[in-house]
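Below is structure.tsv, holding TSV, C-alpha atoms and all ligand atoms.
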chain	number	residue	atom	x	y	z
A	1	MET	CA	-108.05	-148.88	5.83
A	2	HIS	CA	-108.87	-151.55	8.25
A	3	SER	CA	-106.11	-152.26	10.63
A	4	ARG	CA	-105.52	-154.73	13.39
A	5	LEU	CA	-102.95	-154.14	16.04
A	6	ASN	CA	-101.09	-156.74	17.94
A	7	ASN	CA	-102.49	-155.74	21.27
A	8	GLY	CA	-105.48	-153.77	20.19
A	9	ARG	CA	-107.00	-156.88	18.71
A	10	ARG	CA	-106.61	-158.86	21.87
A	11	ASN	CA	-107.75	-156.13	24.18
A	12	PHE	CA	-111.21	-155.91	22.78
A	13	LEU	CA	-113.18	-157.45	25.57
A	14	ARG	CA	-116.32	-159.29	24.77
A	15	VAL	CA	-117.57	-162.50	26.25
A	16	SER	CA	-119.73	-164.83	24.25
A	17	ALA	CA	-121.76	-166.88	26.66
A	18	ALA	CA	-122.80	-169.08	23.76
A	19	SER	CA	-119.29	-170.27	23.14
A	20	GLY	CA	-118.30	-173.49	24.85
A	21	ALA	CA	-114.80	-173.03	23.52
A	22	ALA	CA	-114.57	-169.71	25.30
A	23	LEU	CA	-115.61	-171.34	28.53
A	24	ILE	CA	-112.92	-173.96	28.20
A	25	LEU	CA	-110.22	-171.45	27.45
A	26	ASN	CA	-111.28	-169.06	30.17
A	27	SER	CA	-111.74	-171.74	32.79
A	28	CYS	CA	-108.41	-173.37	31.97
A	29	SER	CA	-106.57	-170.09	32.13
A	30	GLY	CA	-108.30	-169.03	35.29
A	31	GLN	CA	-108.85	-165.61	33.76
A	32	LYS	CA	-111.95	-163.69	34.51
A	33	ALA	CA	-113.92	-162.11	31.77
A	34	THR	CA	-114.23	-158.39	32.05
A	35	PRO	CA	-117.09	-156.30	30.78
A	36	THR	CA	-117.35	-155.34	27.18
A	37	THR	CA	-115.41	-152.21	26.43
A	38	GLU	CA	-116.07	-151.21	22.87
A	39	SER	CA	-113.74	-148.27	23.25
A	40	THR	CA	-110.76	-150.60	23.70
A	41	LYS	CA	-111.17	-152.00	20.20
A	42	GLN	CA	-108.83	-150.37	17.77
A	43	PRO	CA	-110.87	-148.44	15.30
A	44	SER	CA	-110.67	-149.43	11.70
A	45	SER	CA	-109.49	-145.96	10.76
A	46	GLY	CA	-105.91	-147.09	11.12
A	47	LYS	CA	-105.40	-145.28	14.40
A	48	GLY	CA	-102.48	-146.61	16.36
A	49	GLU	CA	-100.66	-148.06	13.38
A	50	GLY	CA	-97.47	-146.51	14.69
A	51	GLU	CA	-97.67	-148.49	17.91
A	52	LYS	CA	-95.07	-151.11	18.65
A	53	GLY	CA	-95.59	-154.48	17.07
A	54	GLY	CA	-97.76	-153.31	14.21
A	55	GLU	CA	-100.72	-155.24	12.95
A	56	VAL	CA	-101.15	-159.00	12.96
A	57	THR	CA	-102.09	-160.13	9.49
A	58	ALA	CA	-104.50	-163.01	8.89
A	59	THR	CA	-101.74	-165.34	7.68
A	60	GLU	CA	-99.42	-164.42	10.55
A	61	ASP	CA	-102.32	-165.13	12.85
A	62	LEU	CA	-102.91	-168.60	11.37
A	63	MET	CA	-99.22	-169.43	11.59
A	64	ARG	CA	-98.81	-168.38	15.21
A	65	GLU	CA	-101.88	-170.46	16.03
A	66	HIS	CA	-99.93	-173.35	14.54
A	67	GLY	CA	-97.20	-172.45	17.01
A	68	VAL	CA	-99.56	-173.09	19.91
A	69	LEU	CA	-100.66	-176.37	18.35
A	70	ARG	CA	-97.04	-177.43	17.78
A	71	ARG	CA	-96.35	-176.92	21.46
A	72	ALA	CA	-99.33	-179.15	22.26
A	73	LEU	CA	-97.96	-181.77	19.87
A	74	LEU	CA	-94.60	-181.54	21.60
A	75	VAL	CA	-96.34	-182.31	24.89
A	76	TYR	CA	-97.92	-185.36	23.24
A	77	SER	CA	-94.67	-186.68	21.79
A	78	GLU	CA	-92.69	-186.16	25.01
A	79	ALA	CA	-95.51	-187.78	26.99
A	80	ALA	CA	-95.66	-190.74	24.60
A	81	VAL	CA	-91.98	-191.53	25.22
A	82	LYS	CA	-92.43	-191.40	28.99
A	83	ILE	CA	-95.70	-193.36	29.03
A	84	ARG	CA	-94.11	-196.20	27.08
A	85	SER	CA	-91.49	-196.70	29.79
A	86	SER	CA	-93.82	-195.93	32.70
A	87	PRO	CA	-97.58	-195.34	32.29
A	88	SER	CA	-97.70	-193.53	35.64
A	89	ALA	CA	-94.97	-191.04	34.61
A	90	ILE	CA	-97.49	-188.60	33.15
A	91	PRO	CA	-100.52	-187.26	35.06
A	92	PRO	CA	-103.53	-187.95	32.77
A	93	ASP	CA	-104.96	-184.55	33.65
A	94	ALA	CA	-102.08	-182.80	31.86
A	95	LEU	CA	-102.93	-184.68	28.65
A	96	LEU	CA	-106.64	-184.02	29.13
A	97	LYS	CA	-105.93	-180.29	29.38
A	98	THR	CA	-103.73	-180.48	26.28
A	99	ALA	CA	-106.49	-182.25	24.33
A	100	GLN	CA	-109.10	-179.73	25.51
A	101	LEU	CA	-106.88	-176.87	24.39
A	102	PHE	CA	-106.26	-178.59	21.04
A	103	ARG	CA	-110.00	-179.01	20.63
A	104	ALA	CA	-111.04	-175.47	21.57
A	105	PHE	CA	-108.21	-173.53	19.98
A	106	GLY	CA	-107.16	-175.88	17.18
A	107	GLU	CA	-110.17	-177.86	16.04
A	108	GLU	CA	-113.14	-175.63	16.83
A	109	TYR	CA	-111.54	-172.27	16.11
A	110	HIS	CA	-108.46	-172.49	13.87
A	111	GLU	CA	-109.67	-175.40	11.74
A	112	ARG	CA	-113.44	-175.04	11.66
A	113	LYS	CA	-113.97	-171.31	11.90
A	114	LEU	CA	-111.01	-170.12	9.83
A	115	GLU	CA	-109.53	-172.79	7.58
A	116	GLU	CA	-112.66	-174.71	6.65
A	117	THR	CA	-114.82	-171.62	6.37
A	118	TYR	CA	-112.54	-169.16	4.59
A	119	ILE	CA	-109.15	-170.56	3.56
A	120	PHE	CA	-109.94	-173.92	1.98
A	121	PRO	CA	-112.98	-172.89	-0.13
A	122	ALA	CA	-111.05	-169.95	-1.60
A	123	VAL	CA	-107.98	-172.06	-2.36
A	124	LYS	CA	-110.07	-174.77	-4.02
A	125	LYS	CA	-111.98	-172.24	-6.09
A	126	ALA	CA	-108.77	-170.55	-7.25
A	127	GLY	CA	-107.47	-173.80	-8.74
A	128	GLY	CA	-103.77	-174.38	-9.35
A	129	PRO	CA	-101.35	-176.65	-7.49
A	130	ALA	CA	-102.64	-175.76	-4.00
A	131	ALA	CA	-106.25	-176.64	-4.85
A	132	GLY	CA	-105.57	-180.33	-4.35
A	133	TYR	CA	-104.74	-179.90	-0.68
A	134	PRO	CA	-107.98	-178.86	1.05
A	135	ASP	CA	-109.76	-182.23	0.65
A	136	ILE	CA	-106.83	-184.04	2.27
A	137	LEU	CA	-106.50	-181.39	4.97
A	138	ILE	CA	-110.22	-181.67	5.82
A	139	ALA	CA	-109.93	-185.46	6.08
A	140	GLN	CA	-106.99	-184.95	8.42
A	141	HIS	CA	-108.99	-182.50	10.54
A	142	ALA	CA	-111.65	-185.20	10.91
A	143	ARG	CA	-109.12	-187.85	11.84
A	144	GLY	CA	-107.50	-185.48	14.33
A	145	ARG	CA	-110.87	-184.90	16.01
A	146	GLU	CA	-111.38	-188.63	16.36
A	147	ILE	CA	-107.99	-188.97	18.03
A	148	THR	CA	-108.70	-186.00	20.30
A	149	ASP	CA	-111.99	-187.66	21.31
A	150	TYR	CA	-110.02	-190.77	22.19
A	151	ILE	CA	-107.35	-188.87	24.16
A	152	ILE	CA	-110.06	-187.04	26.14
A	153	ALA	CA	-111.88	-190.32	26.83
A	154	VAL	CA	-108.86	-192.18	28.18
A	155	THR	CA	-107.38	-189.31	30.21
A	156	LYS	CA	-110.50	-188.48	32.18
A	157	GLY	CA	-109.68	-190.99	34.89
A	158	ALA	CA	-107.07	-190.67	37.62
A	159	ARG	CA	-104.84	-193.31	36.01
A	160	LEU	CA	-104.13	-194.42	32.48
A	161	GLY	CA	-104.19	-198.06	33.44
A	162	THR	CA	-103.81	-200.41	30.49
A	163	ALA	CA	-104.46	-197.67	27.92
A	164	GLY	CA	-100.89	-196.36	28.15
A	165	ALA	CA	-99.30	-198.02	25.11
A	166	GLN	CA	-102.35	-197.43	22.92
A	167	LEU	CA	-102.52	-193.81	24.00
A	168	ALA	CA	-98.83	-193.31	23.21
A	169	GLY	CA	-99.39	-194.74	19.73
A	170	ALA	CA	-102.43	-192.51	19.12
A	171	MET	CA	-100.57	-189.39	20.25
A	172	ASP	CA	-97.58	-190.23	18.03
A	173	SER	CA	-99.82	-190.72	15.01
A	174	LEU	CA	-101.53	-187.39	15.62
A	175	VAL	CA	-98.17	-185.66	15.97
A	176	ARG	CA	-96.89	-187.18	12.73
A	177	MET	CA	-100.01	-186.21	10.80
A	178	TYR	CA	-100.25	-182.69	12.14
A	179	ARG	CA	-96.58	-181.88	11.58
A	180	ALA	CA	-96.99	-182.66	7.88
A	181	HIS	CA	-100.40	-180.97	7.84
A	182	ALA	CA	-99.38	-177.63	9.36
A	183	ALA	CA	-96.14	-177.50	7.37
A	184	ARG	CA	-98.08	-177.79	4.08
A	185	GLU	CA	-100.56	-175.18	5.23
A	186	ASP	CA	-97.80	-172.75	6.21
A	187	THR	CA	-95.79	-173.14	3.02
A	188	ILE	CA	-98.39	-173.88	0.33
A	189	VAL	CA	-102.02	-173.35	1.34
A	190	PHE	CA	-101.83	-170.08	3.30
A	191	PRO	CA	-99.58	-168.38	0.71
A	192	ALA	CA	-101.99	-169.57	-2.03
A	193	TRP	CA	-104.94	-168.16	-0.08
A	194	LYS	CA	-103.16	-164.83	0.29
A	195	GLN	CA	-102.70	-164.73	-3.47
A	196	THR	CA	-106.45	-165.03	-3.99
A	197	LEU	CA	-107.13	-161.73	-2.25
A	198	PRO	CA	-106.36	-158.15	-3.22
A	199	ALA	CA	-104.53	-156.27	-0.41
A	200	GLU	CA	-107.70	-154.46	0.61
A	201	GLN	CA	-109.68	-157.66	1.04
A	202	LEU	CA	-106.82	-159.22	2.96
A	203	ASP	CA	-107.06	-156.32	5.37
A	204	GLU	CA	-110.76	-156.99	5.76
A	205	MET	CA	-109.97	-160.63	6.50
A	206	ASN	CA	-107.61	-159.50	9.28
A	207	ASP	CA	-110.57	-157.77	10.89
A	208	LYS	CA	-112.94	-160.66	10.23
A	209	PHE	CA	-110.61	-163.14	11.89
A	210	GLU	CA	-110.35	-160.76	14.81
A	211	ASP	CA	-114.10	-160.69	15.21
A	212	ILE	CA	-114.37	-164.48	14.98
A	213	GLU	CA	-111.75	-164.88	17.68
A	214	HIS	CA	-113.63	-162.53	19.95
A	215	GLU	CA	-116.89	-164.36	19.35
A	216	GLN	CA	-115.21	-167.65	20.12
A	217	PHE	CA	-113.07	-166.76	23.12
A	218	GLY	CA	-114.26	-163.43	24.41
A	219	GLU	CA	-110.85	-161.93	24.98
A	220	ASP	CA	-107.18	-162.66	24.53
A	221	GLY	CA	-107.75	-165.95	22.73
A	222	PHE	CA	-104.18	-166.35	21.53
A	223	GLU	CA	-102.57	-165.09	24.73
A	224	ASP	CA	-104.79	-167.35	26.83
A	225	ALA	CA	-103.87	-170.35	24.69
A	226	VAL	CA	-100.14	-169.56	25.02
A	227	LYS	CA	-100.56	-169.22	28.77
A	228	GLN	CA	-102.38	-172.54	29.01
A	229	ILE	CA	-99.85	-174.52	27.02
A	230	GLY	CA	-97.10	-172.87	29.11
A	231	GLU	CA	-98.76	-174.11	32.28
A	232	ILE	CA	-99.06	-177.64	30.92
A	233	GLU	CA	-95.38	-177.56	29.90
A	234	SER	CA	-94.44	-176.44	33.41
A	235	GLU	CA	-96.42	-179.27	34.95
A	236	LEU	CA	-94.57	-181.80	32.79
A	237	GLY	CA	-91.08	-180.32	33.17
A	238	LEU	CA	-91.01	-179.05	29.59
A	239	ALA	CA	-91.09	-175.32	30.27
A	240	ASP	CA	-87.35	-174.71	29.98
A	241	LEU	CA	-86.44	-174.35	26.30
A	242	ALA	CA	-82.87	-175.39	27.12
A	243	VAL	CA	-84.18	-178.89	27.87
A	244	PHE	CA	-84.54	-179.31	24.13
A	245	THR	CA	-81.02	-178.24	23.16
A	246	ALA	CA	-79.52	-181.13	21.23
A	247	SER	CA	-76.49	-183.07	22.44
A	248	PRO	CA	-73.20	-182.19	20.76
A	249	ALA	CA	-72.78	-183.82	17.38
A	250	PRO	CA	-70.76	-187.03	17.42
A	251	THR	CA	-67.23	-187.01	16.08
A	252	PRO	CA	-67.17	-188.49	12.58
A	253	GLN	CA	-65.47	-191.88	12.58
A	301	FE	FE	-105.64	-177.51	9.03
A	302	FE	FE	-103.89	-175.12	10.35
Would you mind writing the structure in this file as structure tokens?
Amino acid sequence: MHSRLNNGRRNFLRVSAASGAALILNSCSGQKATPTTESTKQPSSGKGEGEKGGEVTATEDLMREHGVLRRALLVYSEAAVKIRSSPSAIPPDALLKTAQLFRAFGEEYHERKLEETYIFPAVKKAGGPAAGYPDILIAQHARGREITDYIIAVTKGARLGTAGAQLAGAMDSLVRMYRAHAAREDTIVFPAWKQTLPAEQLDEMNDKFEDIEHEQFGEDGFEDAVKQIGEIESELGLADLAVFTASPAPTPQ
């Protein structure tokens, strides 16, 4: 049985020089690539299944990638509020880094390499209620990429200048779209995809996704992405989860 372990997957070290996405992730995280060590990859014999954490399934993987993207969207929505009151309140570089992470980890890897290549075609082919979603989801991927292009273009300079209000609007529209998008994927499309595969094939997909991630990012793709969004949050004063605790509920009148 093929098996993927939480850490074993991420510890397989291989750097793909051909991958621009890998370069972005590695350069943003400041991590150095280490030489390929085939022996660190968990064998597909199932060895190590008793280790803590267990294996990361393909659907769990997709959903935790959404978690990274949701944190990027949170940066956008918090930044949009601040930019509207003061365009200089947010360093453009923090938004540029967020957009570059969204591009490399979200658009080029999660969307293009996994969803558009494996998930959507299988869900469409299977028919049923979920089959109507992929076309809309693909259109939303395309629109998201246009907005990311725009965010990258306007945040490359030292100051936002007059682009502030427009940028805030674009970020809000991306946040709104992607919240609906990822929620439908998590609750309808990914479960439908899982239903298209026998357990054995699902296991093989776990391994395939692992290999794609290594090709794309070299090593520790998910951990690097989490680290990067954490650094951006720190820069913007959003690192403390308690900041987001809601105010007490009002007393009913
Ligand atoms: Fe998607
Ligand atoms: Fe997704």
Polymer residues at most 10 Å from Glu115 (chain A), only C-alpha atoms, same-chain spacing of 4 or more positions, as a list in words: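 The residues satisfying every condition are Leu62, Glu107, Tyr109, His110, Glu111, Ile119, Phe120, Pro121, Ala122, Pro134, Leu137, Ile138, Glu185, Val189 and Phe190 of chain A.
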From A:Gly230, A:Trp193, A:Glu60, A:Pro248, residue lying nearest Tyr133 (chain A) [only C-alpha atoms]: A:Trp193
Atom pair CA of Ala239 (chain A) / CA of Asp224 (chain A): separation (Å):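 Going from CA of Ala239 (chain A) over to CA of Asp224 (chain A) covers 16.2 Å.
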Near-Leu174 (chain A) list (8 Å; all atoms listed in the file; drop same-chain fewer than 6 positions) as a ChimeraX atom specification: /A:73,144,147
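With distances taken from (-103.4, -197.4, 24.1) and restricted to only C-alpha atoms, the residues inside 12 Å are Ala80, Ile83, Arg84, Pro87, Ile147, Tyr150, Ile151, Ala153, Val154, Thr155, Leu160, Gly161, Thr162, Ala163, Gly164, Ala165, Gln166, Leu167, Ala168, Gly169, Ala170, Met171, Asp172 and Ser173 of chain A.
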Proximity to Gly127 (chain A) - best of A:Ala192, A:Ile152, A:Leu101, A:Phe209, all atoms listed in the file: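 Among the listed residues, A:Ala192 lies closest to Gly127 (chain A).
CA of Pro198 (chain A) to CA of Gly128 (chain A) spans 17.5 Å [interatomic distance, one decimal].
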d(CA of Ala139 (chain A), CA of Asp203 (chain A)) in Å: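 A separation of 29.3 Å between them.
Across A:Ala130, A:Ala158, A:Ala183, A:Ile136, the tightest approach to Leu69 (chain A) is made by A:Ala183 when counting all atoms listed in the file.
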From A:Met177, A:Ala58, A:Leu114, A:Val81, residue lying nearest ligand FE 302 (chain A) [only C-alpha atoms and all ligand atoms]: A:Leu114
